[in-house]
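Novice: File follows, model_3.cif with mmCIF, C-alpha atoms:
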data_protein
#
loop_
_atom_site.group_PDB
_atom_site.id
_atom_site.type_symbol
_atom_site.label_atom_id
_atom_site.label_comp_id
_atom_site.auth_asym_id
_atom_site.auth_seq_id
_atom_site.Cartn_x
_atom_site.Cartn_y
_atom_site.Cartn_z
ATOM 1 C CA MET A 1 -98.657 2.598 279.416
ATOM 2 C CA THR A 2 -99.796 2.561 283.072
ATOM 3 C CA GLU A 3 -99.074 5.750 284.987
ATOM 4 C CA LYS A 4 -97.047 5.515 288.204
ATOM 5 C CA PHE A 5 -98.984 5.782 291.482
ATOM 6 C CA ILE A 6 -97.810 7.900 294.434
ATOM 7 C CA LYS A 7 -99.462 8.032 297.853
ATOM 8 C CA ILE A 8 -98.795 11.088 300.018
ATOM 9 C CA LYS A 9 -99.372 10.641 303.740
ATOM 10 C CA CYS A 10 -100.282 13.993 305.300
ATOM 11 C CA GLY A 11 -99.958 14.896 308.964
ATOM 12 C CA LYS A 12 -102.512 17.607 308.313
ATOM 13 C CA LEU A 13 -104.202 18.574 305.065
ATOM 14 C CA TYR A 14 -105.618 21.921 304.005
ATOM 15 C CA ASP A 15 -107.539 21.194 300.809
ATOM 16 C CA GLY A 16 -108.546 24.760 299.923
ATOM 17 C CA LEU A 17 -112.227 23.845 300.212
ATOM 18 C CA LYS A 18 -112.801 23.501 303.957
ATOM 19 C CA ALA A 19 -111.489 26.064 306.438
ATOM 20 C CA VAL A 20 -110.002 23.344 308.636
ATOM 21 C CA LEU A 21 -106.829 21.266 308.876
ATOM 22 C CA GLN A 22 -107.842 17.637 308.354
ATOM 23 C CA GLU A 23 -105.850 15.055 310.307
ATOM 24 C CA ASN A 24 -104.116 11.944 308.902
ATOM 25 C CA MET A 25 -105.333 12.352 305.326
ATOM 26 C CA GLU A 26 -103.845 10.648 302.274
ATOM 27 C CA ILE A 27 -103.579 11.765 298.651
ATOM 28 C CA LEU A 28 -103.359 9.200 295.848
ATOM 29 C CA VAL A 29 -101.749 10.501 292.656
ATOM 30 C CA GLU A 30 -101.728 8.688 289.316
ATOM 31 C CA GLY A 31 -99.230 10.238 286.911
ATOM 32 C CA LYS A 32 -99.948 13.958 286.992
ATOM 33 C CA LYS A 33 -103.481 13.700 288.393
ATOM 34 C CA ILE A 34 -104.854 13.463 291.930
ATOM 35 C CA CYS A 35 -107.327 10.597 291.776
ATOM 36 C CA GLU A 36 -108.416 10.292 295.421
ATOM 37 C CA VAL A 37 -108.154 12.061 298.800
ATOM 38 C CA GLY A 38 -109.174 10.408 302.047
ATOM 39 C CA HIS A 39 -108.221 8.097 304.926
ATOM 40 C CA ASN A 40 -106.430 4.729 304.483
ATOM 41 C CA LEU A 41 -106.627 4.751 300.698
ATOM 42 C CA SER A 42 -106.108 1.458 298.873
ATOM 43 C CA CYS A 43 -103.472 1.508 296.128
ATOM 44 C CA PRO A 44 -101.436 -0.834 293.867
ATOM 45 C CA GLU A 45 -98.522 -2.773 295.406
ATOM 46 C CA ASP A 46 -95.810 -0.796 293.591
ATOM 47 C CA THR A 47 -97.149 2.605 294.722
ATOM 48 C CA GLU A 48 -94.434 5.008 295.903
ATOM 49 C CA ILE A 49 -95.107 6.287 299.444
ATOM 50 C CA ILE A 50 -94.160 9.846 300.389
ATOM 51 C CA ASP A 51 -94.430 10.209 304.143
ATOM 52 C CA LEU A 52 -95.311 13.769 305.155
ATOM 53 C CA SER A 53 -97.021 12.719 308.377
ATOM 54 C CA CYS A 54 -94.928 15.281 310.263
ATOM 55 C CA ALA A 55 -96.009 18.125 307.954
ATOM 56 C CA THR A 56 -99.024 20.113 306.805
ATOM 57 C CA VAL A 57 -99.841 19.625 303.112
ATOM 58 C CA THR A 58 -101.627 22.238 301.002
ATOM 59 C CA PRO A 59 -102.516 22.648 297.330
ATOM 60 C CA GLY A 60 -99.985 24.561 295.254
ATOM 61 C CA MET A 61 -100.455 28.317 295.363
ATOM 62 C CA ILE A 62 -100.982 30.537 292.316
ATOM 63 C CA ASP A 63 -99.415 33.974 291.872
ATOM 64 C CA ALA A 64 -101.702 35.690 289.363
ATOM 65 C CA HIS A 65 -99.518 38.737 288.610
ATOM 66 C CA VAL A 66 -95.780 38.219 288.072
ATOM 67 C CA HIS A 67 -93.091 39.912 285.985
ATOM 68 C CA PRO A 68 -90.467 37.160 286.119
ATOM 69 C CA GLN A 69 -87.846 38.577 283.761
ATOM 70 C CA TYR A 70 -85.517 40.039 286.405
ATOM 71 C CA PHE A 71 -83.036 38.537 288.806
ATOM 72 C CA HIS A 72 -83.756 41.583 290.998
ATOM 73 C CA TRP A 73 -86.641 44.076 290.893
ATOM 74 C CA LYS A 74 -84.176 46.990 290.810
ATOM 75 C CA ASP A 75 -83.200 45.894 287.281
ATOM 76 C CA VAL A 76 -86.546 47.039 285.853
ATOM 77 C CA TYR A 77 -85.317 50.164 284.055
ATOM 78 C CA ALA A 78 -81.699 49.173 283.484
ATOM 79 C CA ASP A 79 -83.125 46.079 281.800
ATOM 80 C CA THR A 80 -84.497 48.255 278.987
ATOM 81 C CA ILE A 81 -81.001 49.115 277.769
ATOM 82 C CA PHE A 82 -78.453 46.657 279.065
ATOM 83 C CA ASN A 83 -79.872 43.134 279.256
ATOM 84 C CA SER A 84 -80.151 40.699 276.378
ATOM 85 C CA ASP A 85 -83.130 38.443 275.760
ATOM 86 C CA GLY A 86 -80.907 35.515 276.761
ATOM 87 C CA TYR A 87 -80.244 37.112 280.144
ATOM 88 C CA ARG A 88 -83.968 37.767 280.593
ATOM 89 C CA ALA A 89 -84.755 34.149 279.707
ATOM 90 C CA LEU A 90 -82.324 32.959 282.388
ATOM 91 C CA ALA A 91 -83.906 35.340 284.915
ATOM 92 C CA THR A 92 -87.382 34.060 283.995
ATOM 93 C CA ALA A 93 -86.286 30.434 284.410
ATOM 94 C CA GLU A 94 -84.728 31.218 287.792
ATOM 95 C CA CYS A 95 -87.872 33.060 288.930
ATOM 96 C CA ALA A 96 -90.024 30.082 287.882
ATOM 97 C CA ARG A 97 -87.715 27.729 289.799
ATOM 98 C CA LYS A 98 -87.770 29.871 292.938
ATOM 99 C CA THR A 99 -91.538 30.293 292.894
ATOM 100 C CA LEU A 100 -91.975 26.529 292.530
ATOM 101 C CA MET A 101 -89.689 25.933 295.519
ATOM 102 C CA ALA A 102 -91.776 28.472 297.464
ATOM 103 C CA GLY A 103 -94.945 26.454 296.819
ATOM 104 C CA PHE A 104 -96.359 28.269 293.779
ATOM 105 C CA THR A 105 -97.230 25.598 291.238
ATOM 106 C CA THR A 106 -98.551 28.190 288.762
ATOM 107 C CA ILE A 107 -97.497 31.751 287.964
ATOM 108 C CA ARG A 108 -99.221 34.134 285.578
ATOM 109 C CA SER A 109 -96.722 36.274 283.674
ATOM 110 C CA LEU A 110 -98.040 39.685 282.638
ATOM 111 C CA GLY A 111 -95.691 40.234 279.726
ATOM 112 C CA TRP A 112 -92.976 42.611 278.694
ATOM 113 C CA PHE A 113 -92.021 44.639 275.640
ATOM 114 C CA ARG A 114 -89.246 42.563 274.039
ATOM 115 C CA GLU A 115 -89.382 39.232 272.261
ATOM 116 C CA SER A 116 -91.141 36.124 273.531
ATOM 117 C CA TYR A 117 -88.448 34.471 275.674
ATOM 118 C CA GLU A 118 -91.046 33.806 278.379
ATOM 119 C CA LEU A 119 -92.831 31.466 275.978
ATOM 120 C CA ASP A 120 -89.537 29.596 275.526
ATOM 121 C CA VAL A 121 -89.163 29.170 279.284
ATOM 122 C CA LYS A 122 -92.789 28.044 279.547
ATOM 123 C CA ARG A 123 -92.152 25.469 276.818
ATOM 124 C CA ALA A 124 -88.983 24.145 278.486
ATOM 125 C CA ILE A 125 -90.859 23.723 281.784
ATOM 126 C CA SER A 126 -93.877 22.041 280.193
ATOM 127 C CA GLU A 127 -91.604 19.654 278.245
ATOM 128 C CA GLY A 128 -89.805 18.683 281.461
ATOM 129 C CA TYR A 129 -86.335 20.022 280.617
ATOM 130 C CA ILE A 130 -86.177 22.465 283.557
ATOM 131 C CA ASP A 131 -88.006 22.743 286.872
ATOM 132 C CA GLY A 132 -90.357 25.646 287.413
ATOM 133 C CA SER A 133 -93.878 26.742 288.163
ATOM 134 C CA ARG A 134 -96.399 26.164 285.398
ATOM 135 C CA MET A 135 -96.497 29.430 283.435
ATOM 136 C CA ILE A 136 -99.555 31.190 282.009
ATOM 137 C CA VAL A 137 -98.086 33.838 279.720
ATOM 138 C CA SER A 138 -99.066 37.117 278.129
ATOM 139 C CA SER A 139 -95.981 37.404 275.980
ATOM 140 C CA HIS A 140 -95.972 41.179 275.312
ATOM 141 C CA PHE A 141 -98.154 43.966 276.566
ATOM 142 C CA LEU A 142 -100.004 46.084 274.017
ATOM 143 C CA CYS A 143 -99.231 49.790 274.449
ATOM 144 C CA THR A 144 -98.971 53.133 272.683
ATOM 145 C CA THR A 145 -95.893 55.263 272.041
ATOM 146 C CA GLY A 146 -94.940 57.283 275.123
ATOM 147 C CA SER A 147 -97.321 55.374 277.376
ATOM 148 C CA HIS A 148 -96.632 53.606 280.663
ATOM 149 C CA GLY A 149 -95.698 50.549 278.599
ATOM 150 C CA ASP A 150 -93.120 52.374 276.466
ATOM 151 C CA MET A 151 -89.939 51.571 278.354
ATOM 152 C CA THR A 152 -87.815 53.657 275.952
ATOM 153 C CA GLN A 153 -88.718 56.617 278.163
ATOM 154 C CA VAL A 154 -85.546 55.818 280.106
ATOM 155 C CA VAL A 155 -83.563 57.139 277.114
ATOM 156 C CA ARG A 156 -86.001 59.888 276.101
ATOM 157 C CA SER A 157 -83.188 62.446 276.343
ATOM 158 C CA ASN A 158 -81.736 60.739 273.231
ATOM 159 C CA PRO A 159 -84.666 60.822 270.769
ATOM 160 C CA TYR A 160 -82.850 58.891 268.027
ATOM 161 C CA LEU A 161 -82.022 55.999 270.356
ATOM 162 C CA SER A 162 -85.515 56.068 271.879
ATOM 163 C CA ASP A 163 -87.191 56.012 268.436
ATOM 164 C CA TYR A 164 -84.973 53.147 267.274
ATOM 165 C CA MET A 165 -85.651 51.109 270.394
ATOM 166 C CA VAL A 166 -89.433 51.519 270.197
ATOM 167 C CA SER A 167 -89.302 50.363 266.565
ATOM 168 C CA GLN A 168 -87.986 47.025 267.877
ATOM 169 C CA TYR A 169 -90.985 46.436 270.158
ATOM 170 C CA PRO A 170 -93.604 44.418 268.254
ATOM 171 C CA THR A 171 -96.666 45.521 270.264
ATOM 172 C CA CYS A 172 -95.897 49.200 270.958
ATOM 173 C CA GLY A 173 -97.503 51.471 268.383
ATOM 174 C CA ASN A 174 -100.533 53.474 267.382
ATOM 175 C CA GLY A 175 -103.758 53.061 265.443
ATOM 176 C CA ALA A 176 -106.507 50.476 265.108
ATOM 177 C CA ASP A 177 -104.799 48.529 262.316
ATOM 178 C CA PHE A 178 -101.578 48.263 264.322
ATOM 179 C CA PHE A 179 -103.355 46.802 267.336
ATOM 180 C CA ALA A 180 -105.478 44.382 265.305
ATOM 181 C CA ALA A 181 -102.242 43.042 263.805
ATOM 182 C CA ALA A 182 -100.594 42.935 267.246
ATOM 183 C CA VAL A 183 -103.422 40.785 268.636
ATOM 184 C CA ARG A 184 -103.078 38.367 265.702
ATOM 185 C CA ARG A 185 -99.317 38.169 266.217
ATOM 186 C CA GLU A 186 -99.650 37.425 269.927
ATOM 187 C CA LYS A 187 -102.127 34.648 269.189
ATOM 188 C CA LYS A 188 -99.787 33.212 266.561
ATOM 189 C CA MET A 189 -96.820 33.246 268.943
ATOM 190 C CA GLY A 190 -98.751 31.252 271.547
ATOM 191 C CA ALA A 191 -99.747 33.842 274.167
ATOM 192 C CA ASP A 192 -102.283 32.462 276.647
ATOM 193 C CA PHE A 193 -103.991 35.850 277.039
ATOM 194 C CA LEU A 194 -103.527 39.511 276.084
ATOM 195 C CA LYS A 195 -102.497 42.354 278.365
ATOM 196 C CA ILE A 196 -103.139 46.013 277.509
ATOM 197 C CA MET A 197 -101.081 48.742 279.174
ATOM 198 C CA ALA A 198 -104.165 50.943 279.097
ATOM 199 C CA THR A 199 -103.426 53.669 281.618
ATOM 200 C CA GLY A 200 -100.546 55.585 283.097
ATOM 201 C CA GLY A 201 -98.720 54.559 286.228
ATOM 202 C CA PHE A 202 -96.747 55.703 289.206
ATOM 203 C CA ALA A 203 -93.254 55.025 287.855
ATOM 204 C CA THR A 204 -93.205 56.648 284.408
ATOM 205 C CA PRO A 205 -92.251 60.337 284.130
ATOM 206 C CA ASN A 206 -94.871 61.878 281.835
ATOM 207 C CA ASP A 207 -98.194 60.338 282.827
ATOM 208 C CA ASP A 208 -100.372 59.565 285.832
ATOM 209 C CA PRO A 209 -102.615 56.650 286.842
ATOM 210 C CA ASP A 210 -105.784 58.377 285.601
ATOM 211 C CA ASP A 211 -104.561 58.710 282.001
ATOM 212 C CA ILE A 212 -106.285 56.711 279.262
ATOM 213 C CA GLN A 213 -103.531 55.853 276.815
ATOM 214 C CA LEU A 214 -105.428 54.259 273.928
ATOM 215 C CA ASN A 215 -108.364 55.774 272.049
ATOM 216 C CA ASP A 216 -111.695 54.046 271.513
ATOM 217 C CA GLU A 217 -110.846 52.945 267.970
ATOM 218 C CA GLU A 218 -107.695 51.244 269.244
ATOM 219 C CA PHE A 219 -109.562 49.568 272.100
ATOM 220 C CA LYS A 220 -112.293 48.386 269.716
ATOM 221 C CA ALA A 221 -109.729 46.886 267.340
ATOM 222 C CA ILE A 222 -108.152 44.935 270.207
ATOM 223 C CA PHE A 223 -111.414 43.618 271.639
ATOM 224 C CA ASP A 224 -113.034 42.802 268.292
ATOM 225 C CA THR A 225 -109.956 40.900 267.107
ATOM 226 C CA ALA A 226 -109.529 39.117 270.442
ATOM 227 C CA ARG A 227 -113.149 37.932 270.336
ATOM 228 C CA GLU A 228 -112.657 36.630 266.785
ATOM 229 C CA LEU A 229 -109.537 34.717 267.876
ATOM 230 C CA LYS A 230 -111.058 33.528 271.180
ATOM 231 C CA ILE A 231 -108.326 34.947 273.392
ATOM 232 C CA SER A 232 -109.023 36.721 276.701
ATOM 233 C CA VAL A 233 -107.896 40.258 277.524
ATOM 234 C CA THR A 234 -106.786 41.933 280.731
ATOM 235 C CA ALA A 235 -105.471 45.448 281.320
ATOM 236 C CA HIS A 236 -103.215 47.467 283.589
ATOM 237 C CA ALA A 237 -105.729 49.961 284.984
ATOM 238 C CA TYR A 238 -106.068 51.942 288.211
ATOM 239 C CA GLY A 239 -108.919 54.441 288.226
ATOM 240 C CA PRO A 240 -112.683 54.183 287.708
ATOM 241 C CA ARG A 241 -112.847 56.251 284.508
ATOM 242 C CA LEU A 242 -110.843 53.750 282.456
ATOM 243 C CA ILE A 243 -112.061 50.624 284.238
ATOM 244 C CA LYS A 244 -115.686 51.492 283.429
ATOM 245 C CA LYS A 245 -114.745 51.985 279.784
ATOM 246 C CA LEU A 246 -112.931 48.639 279.623
ATOM 247 C CA ILE A 247 -115.768 46.741 281.288
ATOM 248 C CA GLY A 248 -118.058 48.338 278.695
ATOM 249 C CA PHE A 249 -115.855 46.883 275.958
ATOM 250 C CA GLY A 250 -116.277 43.447 277.536
ATOM 251 C CA ILE A 251 -112.795 42.985 278.981
ATOM 252 C CA THR A 252 -112.156 39.702 280.785
ATOM 253 C CA GLY A 253 -110.175 41.115 283.699
ATOM 254 C CA ILE A 254 -108.339 44.057 285.248
ATOM 255 C CA GLU A 255 -104.908 44.184 286.903
ATOM 256 C CA HIS A 256 -104.399 46.508 289.920
ATOM 257 C CA GLY A 257 -107.672 48.484 290.049
ATOM 258 C CA SER A 258 -106.340 50.146 293.167
ATOM 259 C CA LEU A 259 -108.084 53.511 292.801
ATOM 260 C CA MET A 260 -111.554 52.346 291.766
ATOM 261 C CA ASP A 261 -114.702 53.481 293.540
ATOM 262 C CA GLU A 262 -117.740 51.571 294.850
ATOM 263 C CA GLU A 263 -119.722 52.095 291.645
ATOM 264 C CA THR A 264 -116.927 50.502 289.625
ATOM 265 C CA ALA A 265 -116.636 47.606 292.077
ATOM 266 C CA ALA A 266 -120.341 46.906 291.555
ATOM 267 C CA MET A 267 -119.733 46.725 287.796
ATOM 268 C CA PHE A 268 -117.213 43.907 288.371
ATOM 269 C CA GLU A 269 -119.884 41.974 290.256
ATOM 270 C CA ASN A 270 -122.606 42.596 287.688
ATOM 271 C CA GLU A 271 -120.524 41.837 284.586
ATOM 272 C CA GLY A 272 -118.418 38.970 285.938
ATOM 273 C CA THR A 273 -115.129 40.747 285.228
ATOM 274 C CA TYR A 274 -112.286 39.508 287.435
ATOM 275 C CA LEU A 275 -109.858 41.713 289.366
ATOM 276 C CA VAL A 276 -106.243 40.894 290.223
ATOM 277 C CA PRO A 277 -105.335 43.316 293.042
ATOM 278 C CA THR A 278 -101.609 43.780 293.521
ATOM 279 C CA PHE A 279 -100.701 46.653 295.859
ATOM 280 C CA MET A 280 -102.864 48.646 298.262
ATOM 281 C CA PRO A 281 -100.973 51.135 300.454
ATOM 282 C CA TYR A 282 -102.730 54.151 298.961
ATOM 283 C CA GLU A 283 -105.216 54.840 301.737
ATOM 284 C CA ASP A 284 -102.439 54.728 304.333
ATOM 285 C CA ALA A 285 -100.282 57.024 302.210
ATOM 286 C CA ILE A 286 -103.015 59.613 301.614
ATOM 287 C CA HIS A 287 -104.625 59.443 305.071
ATOM 288 C CA PRO A 288 -101.888 58.166 307.403
ATOM 289 C CA ASP A 289 -103.153 55.729 310.019
ATOM 290 C CA ALA A 290 -100.507 55.024 312.657
ATOM 291 C CA GLU A 291 -102.153 51.767 313.760
ATOM 292 C CA SER A 292 -102.377 50.437 310.195
ATOM 293 C CA LEU A 293 -98.871 51.609 309.258
ATOM 294 C CA ALA A 294 -97.445 49.822 312.307
ATOM 295 C CA LYS A 295 -98.577 46.514 310.798
ATOM 296 C CA LYS A 296 -96.571 47.066 307.600
ATOM 297 C CA VAL A 297 -93.190 45.409 307.034
ATOM 298 C CA PRO A 298 -90.357 47.987 307.226
ATOM 299 C CA ASN A 299 -88.812 48.862 303.864
ATOM 300 C CA THR A 300 -85.188 47.723 303.987
ATOM 301 C CA GLY A 301 -84.564 48.415 300.299
ATOM 302 C CA GLU A 302 -83.547 44.802 299.774
ATOM 303 C CA ASN A 303 -86.830 43.118 298.707
#
In structure tokens, how does this file's structure come out?

Specialist:
Amino acid sequence: MTEKFIKIKCGKLYDGLKAVLQENMEILVEGKKICEVGHNLSCPEDTEIIDLSCATVTPGMIDAHVHPQYFHWKDVYADTIFNSDGYRALATAECARKTLMAGFTTIRSLGWFRESYELDVKRAISEGYIDGSRMIVSSHFLCTTGSHGDMTQVVRSNPYLSDYMVSQYPTCGNGADFFAAAVRREKKMGADFLKIMATGGFATPNDDPDDIQLNDEEFKAIFDTARELKISVTAHAYGPRLIKKLIGFGITGIEHGSLMDEETAAMFENEGTYLVPTFMPYEDAIHPDAESLAKKVPNTGEN
């Protein structure tokens, strides 16, 4: 079956390769693939023409670190107790729709602690049933009891409820055997990559960003099993102490990395490990710079 052709007429085109806006360019699309970019492109008679000659056209953007399972970011801790997986699936689908409408053709979801509803949303999008950004999914994050990834800390004042809730999280546990099994389960369920909640954070009550929350045997079990199953691994990590350890284990990438030093940055370059930076106000917070702070968007509490 012949794929349908579409020609897009661009007023200006930014192609992501040249740091210029190219005038009067055209894009010829066959099915789901761009087959040619240039001026006055020839095409079949029945080609659909989309005239964007009054607009600037760009490639779709990619957001490489998203937690799409909320309708609003303020739901993050209430979500642990009150929201069903169905509600989270609807929030994920709405987030994917909104990001697509904002020009993000791909989003990379960094996982959560409950069941794999994000994989269901990804499937529905890829099968064409709903509109949304293409999703690259780490279904659950791998974490230890009481760590930054253990969201039952919100009910830690009720130990029985907290212990029951953590027993329902398939990738929160302890020991090398547990994490080897967790890696195998994530691969079976269709995760595109693995995410380790390897260090503490700024939002959990009993840790800090310099903590290392898995031991070496647990890390080794994760990385050895991931290599056997040919699945990549990234980690939530802030400071140099843990990042150096993870790069030594051969990790594919790091999320955040906000507190690393120059020596650690050089290790990224030498080893080919990627970094997904997410949030960098720390220097301004520790050493206030009035000129730099003036450039920041005021916090209205709404975004």

Novice: Find the residue from A:Trp112, A:Phe193, A:Phe202, A:Phe249 that sits nearest to Pro170 of chain A; use all atoms listed in the file when measuring.

Specialist: A:Trp112

Novice: For a quick check of your reading of the model, name the residues lying within 12 Å of the coordinate (-90.4, 43.4, 275.5), counting all atoms listed in the file, and write them as a ChimeraX atom specification.

Specialist: /A:67,69,76,79-81,83-85,88-89,110-118,138-143,149-152,165-172

Novice: Of the candidates A:Lys9, A:Arg108, A:Lys220, A:Arg134, which shows the shortest atom-to-atom distance to Gly175 of chain A, using all atoms listed in the file?

Specialist: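 Between A:Lys9, A:Arg108, A:Lys220, A:Arg134, the residue approaching Gly175 of chain A most closely is A:Lys220.
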
Novice: Expanded to explicit residues, what is the PyMOL selection byres ((chain A and resi 184) around 10) for this file, as a PyMOL selection string?

Specialist: chain A and resi 179-183+185-189+222+225-226+228-229+231

Novice: Could you give me, as JSON, numbers by chain, the residues that sit within 12 Å of (-114.1, 54.2, 294.7) in the file's coordinates, counting only C-alpha atoms?

Specialist: {"A": [238, 239, 240, 241, 243, 244, 257, 258, 259, 260, 261, 262, 263, 264, 265, 266, 267, 283]}

Novice: Mind telling me what the PyMOL selection byres ((chain A and resi 45-60) around 12) catches here, as number ranges by chain?

Specialist: A: 2-31, 34, 41-44, 61-63, 99-107, 133-134

Novice: Using Å and a single decimal, report how far atom CA of Tyr274 of chain A sits from atom CA of Pro68 of chain A.

Specialist: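 A separation of 22.0 Å between them.
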
Novice: Restricting the calculation to all atoms listed in the file: of A:Leu90, A:Leu242, A:Ala96, A:Ile130, which residue gets closest to Met197 of chain A?

Specialist: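 Comparing A:Leu90, A:Leu242, A:Ala96, A:Ile130 against Met197 of chain A, the winner is A:Leu242.
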
Novice: Can you tell me how far atom CA of Ser126 of chain A sits from atom CA of Leu194 of chain A, in Å to one decimal?

Specialist: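 So the answer is 20.4 Å.
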
Novice: Between atom CA of Pro277 of chain A and atom CA of Val121 of chain A, measure the distance and give it in Å to one decimal.

Specialist: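 Interatomic distance, atom CA of Pro277 of chain A to atom CA of Val121 of chain A: 25.5 Å.
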
Novice: Could you expand the PyMOL selection byres ((chain A and resi 213-219) around 7) into the explicit residues it covers here, written as a ChimeraX atom specification?

Specialist: /A:144,147,175-176,179,198-200,211-212,220-223

Novice: Would you fill the gaps in segment 59-70 of chain A so it has N, CA, C and O atoms, then print it as a PDB file, in the frame of the given file?

Specialist:
ATOM      1  N   PRO A  59    -102.619  22.538 298.786  1.00  0.00           N
ATOM      2  CA  PRO A  59    -102.516  22.648 297.330  1.00  0.00           C
ATOM      3  C   PRO A  59    -101.444  23.665 296.959  1.00  0.00           C
ATOM      4  O   PRO A  59    -101.086  24.540 297.759  1.00  0.00           O
ATOM      5  N   GLY A  60    -100.927  23.557 295.739  1.00  0.00           N
ATOM      6  CA  GLY A  60     -99.985  24.561 295.254  1.00  0.00           C
ATOM      7  C   GLY A  60    -100.658  25.918 295.150  1.00  0.00           C
ATOM      8  O   GLY A  60    -101.828  26.020 294.791  1.00  0.00           O
ATOM      9  N   MET A  61     -99.917  26.967 295.480  1.00  0.00           N
ATOM     10  CA  MET A  61    -100.455  28.317 295.363  1.00  0.00           C
ATOM     11  C   MET A  61    -100.315  28.824 293.934  1.00  0.00           C
ATOM     12  O   MET A  61     -99.548  28.274 293.134  1.00  0.00           O
ATOM     13  N   ILE A  62    -101.049  29.882 293.616  1.00  0.00           N
ATOM     14  CA  ILE A  62    -100.982  30.537 292.316  1.00  0.00           C
ATOM     15  C   ILE A  62    -100.690  32.015 292.536  1.00  0.00           C
ATOM     16  O   ILE A  62    -101.372  32.667 293.323  1.00  0.00           O
ATOM     17  N   ASP A  63     -99.653  32.528 291.876  1.00  0.00           N
ATOM     18  CA  ASP A  63     -99.415  33.974 291.872  1.00  0.00           C
ATOM     19  C   ASP A  63     -99.932  34.494 290.534  1.00  0.00           C
ATOM     20  O   ASP A  63     -99.389  34.164 289.477  1.00  0.00           O
ATOM     21  N   ALA A  64    -100.987  35.298 290.575  1.00  0.00           N
ATOM     22  CA  ALA A  64    -101.702  35.690 289.363  1.00  0.00           C
ATOM     23  C   ALA A  64    -101.142  36.939 288.687  1.00  0.00           C
ATOM     24  O   ALA A  64    -101.647  37.344 287.640  1.00  0.00           O
ATOM     25  N   HIS A  65    -100.098  37.554 289.260  1.00  0.00           N
ATOM     26  CA  HIS A  65     -99.518  38.737 288.610  1.00  0.00           C
ATOM     27  C   HIS A  65     -98.016  38.767 288.891  1.00  0.00           C
ATOM     28  O   HIS A  65     -97.582  39.187 289.969  1.00  0.00           O
ATOM     29  N   VAL A  66     -97.233  38.316 287.921  1.00  0.00           N
ATOM     30  CA  VAL A  66     -95.780  38.219 288.072  1.00  0.00           C
ATOM     31  C   VAL A  66     -95.106  38.809 286.840  1.00  0.00           C
ATOM     32  O   VAL A  66     -95.574  38.633 285.713  1.00  0.00           O
ATOM     33  N   HIS A  67     -93.996  39.524 287.072  1.00  0.00           N
ATOM     34  CA  HIS A  67     -93.091  39.912 285.985  1.00  0.00           C
ATOM     35  C   HIS A  67     -91.770  39.200 286.264  1.00  0.00           C
ATOM     36  O   HIS A  67     -90.928  39.709 287.011  1.00  0.00           O
ATOM     37  N   PRO A  68     -91.568  38.020 285.685  1.00  0.00           N
ATOM     38  CA  PRO A  68     -90.467  37.160 286.119  1.00  0.00           C
ATOM     39  C   PRO A  68     -89.131  37.412 285.431  1.00  0.00           C
ATOM     40  O   PRO A  68     -88.185  36.678 285.672  1.00  0.00           O
ATOM     41  N   GLN A  69     -89.020  38.457 284.618  1.00  0.00           N
ATOM     42  CA  GLN A  69     -87.846  38.577 283.761  1.00  0.00           C
ATOM     43  C   GLN A  69     -86.640  39.264 284.387  1.00  0.00           C
ATOM     44  O   GLN A  69     -85.715  39.649 283.695  1.00  0.00           O
ATOM     45  N   TYR A  70     -86.648  39.409 285.712  1.00  0.00           N
ATOM     46  CA  TYR A  70     -85.517  40.039 286.405  1.00  0.00           C
ATOM     47  C   TYR A  70     -84.942  39.106 287.462  1.00  0.00           C
ATOM     48  O   TYR A  70     -85.679  38.411 288.140  1.00  0.00           O
TER      49      TYR A  70
END
